[in-house]
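Okay, upload.cif is below, mmCIF, C-alpha atoms:
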data_data
#
loop_
_atom_site.label_atom_id
_atom_site.label_comp_id
_atom_site.auth_asym_id
_atom_site.auth_seq_id
_atom_site.Cartn_x
_atom_site.Cartn_y
_atom_site.Cartn_z
CA MET W 1 0.77 86.10 -4.27
CA ARG W 2 2.19 88.19 -1.42
CA ILE W 3 3.05 86.14 1.67
CA ILE W 4 4.21 87.61 4.98
CA PHE W 5 5.90 85.65 7.78
CA SER W 6 5.61 87.24 11.22
CA GLY W 7 6.63 86.36 14.74
CA THR W 8 8.81 87.29 17.66
CA GLN W 9 12.56 87.17 17.50
CA GLY W 10 13.93 83.65 17.23
CA SER W 11 10.64 81.98 16.25
CA GLY W 12 11.96 80.45 13.01
CA LYS W 13 10.76 82.88 10.32
CA THR W 14 14.07 83.18 8.51
CA THR W 15 14.61 79.42 8.58
CA LEU W 16 11.24 78.86 6.87
CA VAL W 17 11.73 81.63 4.33
CA ASN W 18 15.12 80.18 3.41
CA GLU W 19 13.58 76.70 3.02
CA LEU W 20 10.95 78.09 0.63
CA LYS W 21 13.69 79.33 -1.69
CA ASN W 22 14.44 75.66 -2.48
CA ILE W 23 10.87 74.84 -3.56
CA LYS W 24 10.14 75.03 -7.30
CA PHE W 25 6.79 76.83 -6.77
CA PHE W 26 8.71 79.85 -5.43
CA GLU W 27 11.20 80.18 -8.33
CA GLU W 28 9.44 83.30 -9.61
CA TYR W 29 9.08 84.90 -6.19
CA ALA W 30 11.06 87.79 -4.75
CA PHE W 31 12.25 87.22 -1.20
CA ALA W 32 12.41 90.16 1.20
CA GLN W 33 14.78 89.35 4.00
CA GLU W 34 14.32 90.64 7.53
CA ILE W 35 15.43 94.29 7.36
CA VAL W 36 16.10 95.30 10.97
CA ARG W 37 19.59 93.78 10.94
CA ASP W 38 20.49 95.91 7.92
CA LEU W 39 19.21 99.00 9.72
CA MET W 40 21.27 98.03 12.78
CA ARG W 41 24.38 97.90 10.55
CA GLU W 42 23.47 101.46 9.47
CA GLY W 43 23.68 102.51 13.12
CA LEU W 44 20.03 102.37 14.22
CA LYS W 45 19.08 100.98 17.63
CA ILE W 46 17.03 97.76 17.59
CA ASN W 47 15.17 95.39 19.93
CA GLU W 48 14.21 97.01 23.24
CA ASP W 49 16.07 100.17 22.22
CA GLY W 50 14.24 100.58 18.89
CA ASP W 51 12.99 104.15 18.54
CA ASP W 52 10.90 106.30 16.20
CA VAL W 53 13.70 106.50 13.62
CA LEU W 54 13.99 102.71 13.48
CA GLN W 55 10.25 102.11 13.24
CA LEU W 56 9.69 104.75 10.55
CA SER W 57 12.61 103.28 8.58
CA VAL W 58 11.11 99.81 8.93
CA TYR W 59 7.70 101.07 7.74
CA THR W 60 9.32 102.62 4.66
CA LYS W 61 11.14 99.41 3.74
CA HIS W 62 8.03 97.24 4.23
CA ALA W 63 6.01 99.55 1.97
CA ALA W 64 8.73 99.39 -0.70
CA ASN W 65 8.83 95.59 -0.50
CA LEU W 66 5.06 95.27 -0.95
CA MET W 67 5.10 97.53 -3.99
CA LYS W 68 8.04 95.82 -5.74
CA THR W 69 6.34 92.72 -7.04
CA ARG W 70 3.13 90.72 -7.00
CA ASN W 71 4.97 87.52 -6.03
CA LEU W 72 6.64 88.13 -2.71
CA VAL W 73 7.70 86.15 0.34
CA SER W 74 8.63 88.50 3.16
CA ASP W 75 10.49 87.75 6.37
CA ARG W 76 8.43 90.16 8.55
CA GLY W 77 5.90 92.82 7.60
CA PHE W 78 3.84 95.69 8.96
CA VAL W 79 2.28 93.44 11.63
CA ASP W 80 5.75 92.91 13.10
CA ALA W 81 6.60 96.60 12.94
CA VAL W 82 3.38 97.56 14.72
CA ALA W 83 3.77 94.88 17.40
CA TYR W 84 7.37 95.90 18.15
CA SER W 85 6.42 99.61 18.03
CA ARG W 86 3.76 99.04 20.67
CA VAL W 87 6.13 97.28 23.01
CA THR W 88 8.91 99.84 22.59
CA LYS W 89 6.29 102.60 23.06
CA SER W 90 5.50 101.11 26.47
CA ASN W 91 9.24 101.44 27.22
CA GLY W 92 9.10 105.13 26.24
CA LYS W 93 11.19 104.65 23.08
CA VAL W 94 8.48 105.15 20.43
CA SER W 95 5.83 107.87 20.19
CA ASP W 96 2.07 107.45 19.90
CA LEU W 97 2.27 109.05 16.45
CA THR W 98 4.72 106.43 15.17
CA VAL W 99 2.50 103.61 16.44
CA ARG W 100 -0.57 105.21 14.78
CA ILE W 101 1.29 105.64 11.48
CA GLY W 102 2.28 101.98 11.57
CA LYS W 103 -1.26 100.84 12.27
CA GLU W 104 -2.61 102.96 9.39
CA LEU W 105 0.01 101.53 7.03
CA LEU W 106 -0.79 97.99 8.21
CA GLU W 107 -4.50 98.47 7.63
CA ALA W 108 -3.85 99.88 4.15
CA SER W 109 -1.51 96.99 3.31
CA ILE W 110 -3.94 94.22 4.26
CA LYS W 111 -5.50 94.32 0.79
CA TRP W 112 -2.04 93.86 -0.76
CA THR W 113 -1.27 90.73 1.24
CA ASP W 114 -2.67 87.31 0.35
CA ILE W 115 -1.44 85.21 3.27
CA PHE W 116 -0.27 86.16 6.75
CA PHE W 117 1.67 83.45 8.58
CA TYR W 118 2.35 83.80 12.30
CA ILE W 119 4.93 81.74 14.14
CA PRO W 120 4.41 81.76 17.91
CA PRO W 121 7.46 81.66 20.20
CA GLU W 122 7.57 77.92 20.87
CA VAL W 123 11.30 77.34 20.38
CA PRO W 124 13.97 78.52 22.83
CA LEU W 125 15.85 81.68 21.89
CA LYS W 126 19.34 81.17 20.46
CA ASP W 127 21.84 83.92 20.99
CA ASP W 128 23.10 85.13 17.63
CA GLY W 129 24.66 88.31 18.98
CA VAL W 130 21.85 90.47 17.52
CA ARG W 131 18.41 89.32 18.68
CA SER W 132 17.16 90.18 22.12
CA MET W 133 17.50 87.31 24.57
CA ASP W 134 15.00 88.89 26.99
CA GLU W 135 12.11 86.40 27.39
CA ASP W 136 9.92 89.05 29.05
CA PHE W 137 10.35 91.31 26.00
CA ARG W 138 9.58 88.36 23.73
CA GLY W 139 6.41 87.59 25.68
CA LYS W 140 5.26 91.21 25.43
CA VAL W 141 5.90 91.22 21.68
CA HIS W 142 3.95 87.97 21.28
CA GLN W 143 1.02 89.51 23.17
CA ALA W 144 1.24 92.62 20.99
CA PHE W 145 1.02 90.44 17.86
CA LEU W 146 -2.15 88.80 19.14
CA GLU W 147 -3.67 92.20 19.91
CA VAL W 148 -2.78 93.61 16.48
CA TYR W 149 -4.32 90.60 14.73
CA GLU W 150 -7.48 90.94 16.82
CA GLU W 151 -7.83 94.68 16.23
CA THR W 152 -7.25 94.51 12.48
CA GLY W 153 -9.29 91.38 11.84
CA ILE W 154 -6.31 89.63 10.24
CA LYS W 155 -6.65 85.89 10.63
CA PRO W 156 -3.12 84.55 10.25
CA CYS W 157 -2.30 80.95 9.55
CA ILE W 158 -0.47 79.93 12.73
CA LEU W 159 2.53 77.67 12.11
CA THR W 160 3.64 75.23 14.79
CA GLY W 161 5.81 72.15 15.11
CA THR W 162 9.03 71.15 13.42
CA VAL W 163 10.39 72.89 10.33
CA GLU W 164 8.98 70.06 8.18
CA GLU W 165 5.55 70.30 9.84
CA ARG W 166 5.53 74.06 9.37
CA LEU W 167 6.50 73.70 5.69
CA SER W 168 3.62 71.27 5.22
CA GLN W 169 1.24 73.77 6.85
CA ILE W 170 2.55 76.51 4.55
CA ILE W 171 1.93 74.43 1.42
CA GLN W 172 -1.55 73.47 2.64
CA GLU W 173 -2.45 77.13 3.25
CA ILE W 174 -1.11 78.21 -0.14
CA ASN W 175 -3.15 75.46 -1.82
CA ARG W 176 -6.24 76.54 0.13
CA LYS W 177 -5.71 80.17 -0.90
CA MET W 178 -5.17 79.23 -4.55
CA ASP W 179 -8.37 77.12 -4.54
CA SER W 180 -10.23 80.08 -3.06
CA LEU W 181 -8.86 82.46 -5.70
CA LEU W 182 -9.85 80.07 -8.50
CA LYS W 183 -13.39 79.82 -7.13
CA GLU W 184 -13.63 83.64 -7.00
CA ARG W 185 -12.73 83.86 -10.70
CA LYS W 186 -15.65 81.60 -11.71
#

Whole structure, structure tokens version:
Amino acid sequence: MRIIFSGTQGSGKTTLVNELKNIKFFEEYAFAQEIVRDLMREGLKINEDGDDVLQLSVYTKHAANLMKTRNLVSDRGFVDAVAYSRVTKSNGKVSDLTVRIGKELLEASIKWTDIFFYIPPEVPLKDDGVRSMDEDFRGKVHQAFLEVYEETGIKPCILTGTVEERLSQIIQEINRKMDSLLKERK
């Protein structure tokens, strides 16, 4: 099963992905960590300054992650890349072509993804020295996520509440998806 966690900066994706590593069910899963920080360490501009080079690099890494294994938990995915590309396009940092490429890749990847989780920005941002602390930027990215989901027909499972409540929602959605897959096989 391929599972993607999406959301704005500071929404709690990495915390949840790290918690899943401690659950026996996920022993056989590969975990793809959020890649933008690695690209930043390679010298690419991120957040509000993310440009075509960043977004195309992100697309490449997301595609590679999806093709690696059938059992994957990913901290971010193409939905994130497209949402951020749209917002940075409005700032003049990303081209129309890059946004269109991302959307095409997202639409192609939908069939490779079993569950999309979305975490709305309900917790205050914490400054970690990397993530953008701009609440206006965060709000625009959140809106872009909602638009991308609407346009693509993706119906994400929206996670809210405490870490424990979110973990419970994750397990419930995985169980629902597994029941659905079993029924399809009959």

Residue with the minimum atom-to-atom distance to Phe117 (chain W), picked from W:Ile154, W:Ile23, W:Leu56, W:Ala64 with all atoms listed in the file counted, is W:Ile154

Residues returned when the PyMOL selection byres ((chain W and resi 76) around 10) runs on this file, as a list in words:
Ile3, Ile4, Phe5, Ser6, Gly7, Thr8, Lys13, Thr14, Ala32, Gln33, Glu34, Ile35, Val36, His62, Val73, Ser74, Asp75, Gly77, Phe78, Val79, Asp80, Ala81, Phe116, Phe117 and Tyr118 of chain W

Next, the residues of the selection above should be written as a PDB file, keeping the file's coordinate frame with C-alpha atoms.
ATOM      1  CA  ILE W   3       3.050  86.140   1.670  1.00  0.00           C
ATOM      2  CA  ILE W   4       4.210  87.610   4.980  1.00  0.00           C
ATOM      3  CA  PHE W   5       5.900  85.650   7.780  1.00  0.00           C
ATOM      4  CA  SER W   6       5.610  87.240  11.220  1.00  0.00           C
ATOM      5  CA  GLY W   7       6.630  86.360  14.740  1.00  0.00           C
ATOM      6  CA  THR W   8       8.810  87.290  17.660  1.00  0.00           C
ATOM      7  CA  LYS W  13      10.760  82.880  10.320  1.00  0.00           C
ATOM      8  CA  THR W  14      14.070  83.180   8.510  1.00  0.00           C
ATOM      9  CA  ALA W  32      12.410  90.160   1.200  1.00  0.00           C
ATOM     10  CA  GLN W  33      14.780  89.350   4.000  1.00  0.00           C
ATOM     11  CA  GLU W  34      14.320  90.640   7.530  1.00  0.00           C
ATOM     12  CA  ILE W  35      15.430  94.290   7.360  1.00  0.00           C
ATOM     13  CA  VAL W  36      16.100  95.300  10.970  1.00  0.00           C
ATOM     14  CA  HIS W  62       8.030  97.240   4.230  1.00  0.00           C
ATOM     15  CA  VAL W  73       7.700  86.150   0.340  1.00  0.00           C
ATOM     16  CA  SER W  74       8.630  88.500   3.160  1.00  0.00           C
ATOM     17  CA  ASP W  75      10.490  87.750   6.370  1.00  0.00           C
ATOM     18  CA  GLY W  77       5.900  92.820   7.600  1.00  0.00           C
ATOM     19  CA  PHE W  78       3.840  95.690   8.960  1.00  0.00           C
ATOM     20  CA  VAL W  79       2.280  93.440  11.630  1.00  0.00           C
ATOM     21  CA  ASP W  80       5.750  92.910  13.100  1.00  0.00           C
ATOM     22  CA  ALA W  81       6.600  96.600  12.940  1.00  0.00           C
ATOM     23  CA  PHE W 116      -0.270  86.160   6.750  1.00  0.00           C
ATOM     24  CA  PHE W 117       1.670  83.450   8.580  1.00  0.00           C
ATOM     25  CA  TYR W 118       2.350  83.800  12.300  1.00  0.00           C
TER      26      TYR W 118
END

Check the smallest atom-to-atom distance from each of W:Leu97, W:Glu104, W:Asp51, W:Lys24 to Glu151 (chain W) using only C-alpha atoms, then report the winner.
W:Glu104

Set the distance at 12 Å and use only C-alpha atoms: which residues neighbour Val130 (chain W) once local chain neighbours fewer than 2 positions away are removed? I'd like the list as a ChimeraX atom specification.
/W:9-10,36-41,45-48,125-128,132-134

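Coordinates place CA of Pro156 (chain W) at a distance of 14.8 Å from CA of Pro121 (chain W).
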
Could you work out how far CA of Ser57 (chain W) lies from CA of Leu44 (chain W), giving the answer in Å with one decimal?
9.4 Å

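Across W:Val82, W:Glu122, W:Met1, W:Asn91, the tightest approach to Asn175 (chain W) is made by W:Met1 when counting all atoms listed in the file.
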
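Take the candidates W:Val99, W:Leu16, W:Leu106, W:Leu54 and check each one against Tyr149 (chain W) using only C-alpha atoms; the shortest distance goes to W:Leu106.
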
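Evaluated against this file, the PyMOL selection byres ((chain W and resi 87) around 10) yields Asn47, Glu48, Gly50, Val82, Ala83, Tyr84, Ser85, Arg86, Thr88, Lys89, Ser90, Asn91, Gly92, Lys93, Val94, Val99, Phe137, Arg138, Lys140, Val141, His142, Gln143, Ala144 and Phe145 of chain W.
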
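The gap separating CA of Gln172 (chain W) from CA of Ala63 (chain W) is 27.2 Å, in Å to one decimal.
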
Can you tell me, as a PyMOL selection string, what residues are no more than 10 Å from Arg70 (chain W) when counting all atoms listed in the file, ignoring any on the same chain fewer than 5 positions away?
chain W and resi 1-3+29-30+65+112-114

Shortest contact to Lys21 (chain W), candidates W:Leu72, W:Leu105, W:Ile115, W:Glu150, atoms counted all atoms listed in the file, goes to W:Leu72

Neighbour list for Leu167 (chain W) as a CSV table (one decimal) with C-alpha atoms, in the frame of the given file, cut-off 9 Å, only C-alpha atoms, skip fewer than 6 positions in-chain:
chain,number,residue,atom,x,y,z
W,16,LEU,CA,11.2,78.9,6.9
W,19,GLU,CA,13.6,76.7,3.0
W,20,LEU,CA,11.0,78.1,0.6
W,159,LEU,CA,2.5,77.7,12.1

Tell me which protein, DNA and RNA residues are within 10 Å of Ile171 (chain W), counting all atoms listed in the file, leaving out same-chain ones fewer than 5 positions away, and put them as a PyMOL selection string.
chain W and resi 20+25+166+176-177

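When only C-alpha atoms are used to compute distances to Asp49 (chain W), the closest of the residues W:Leu146, W:Arg131, W:Glu164, W:Glu173 turns out to be W:Arg131.
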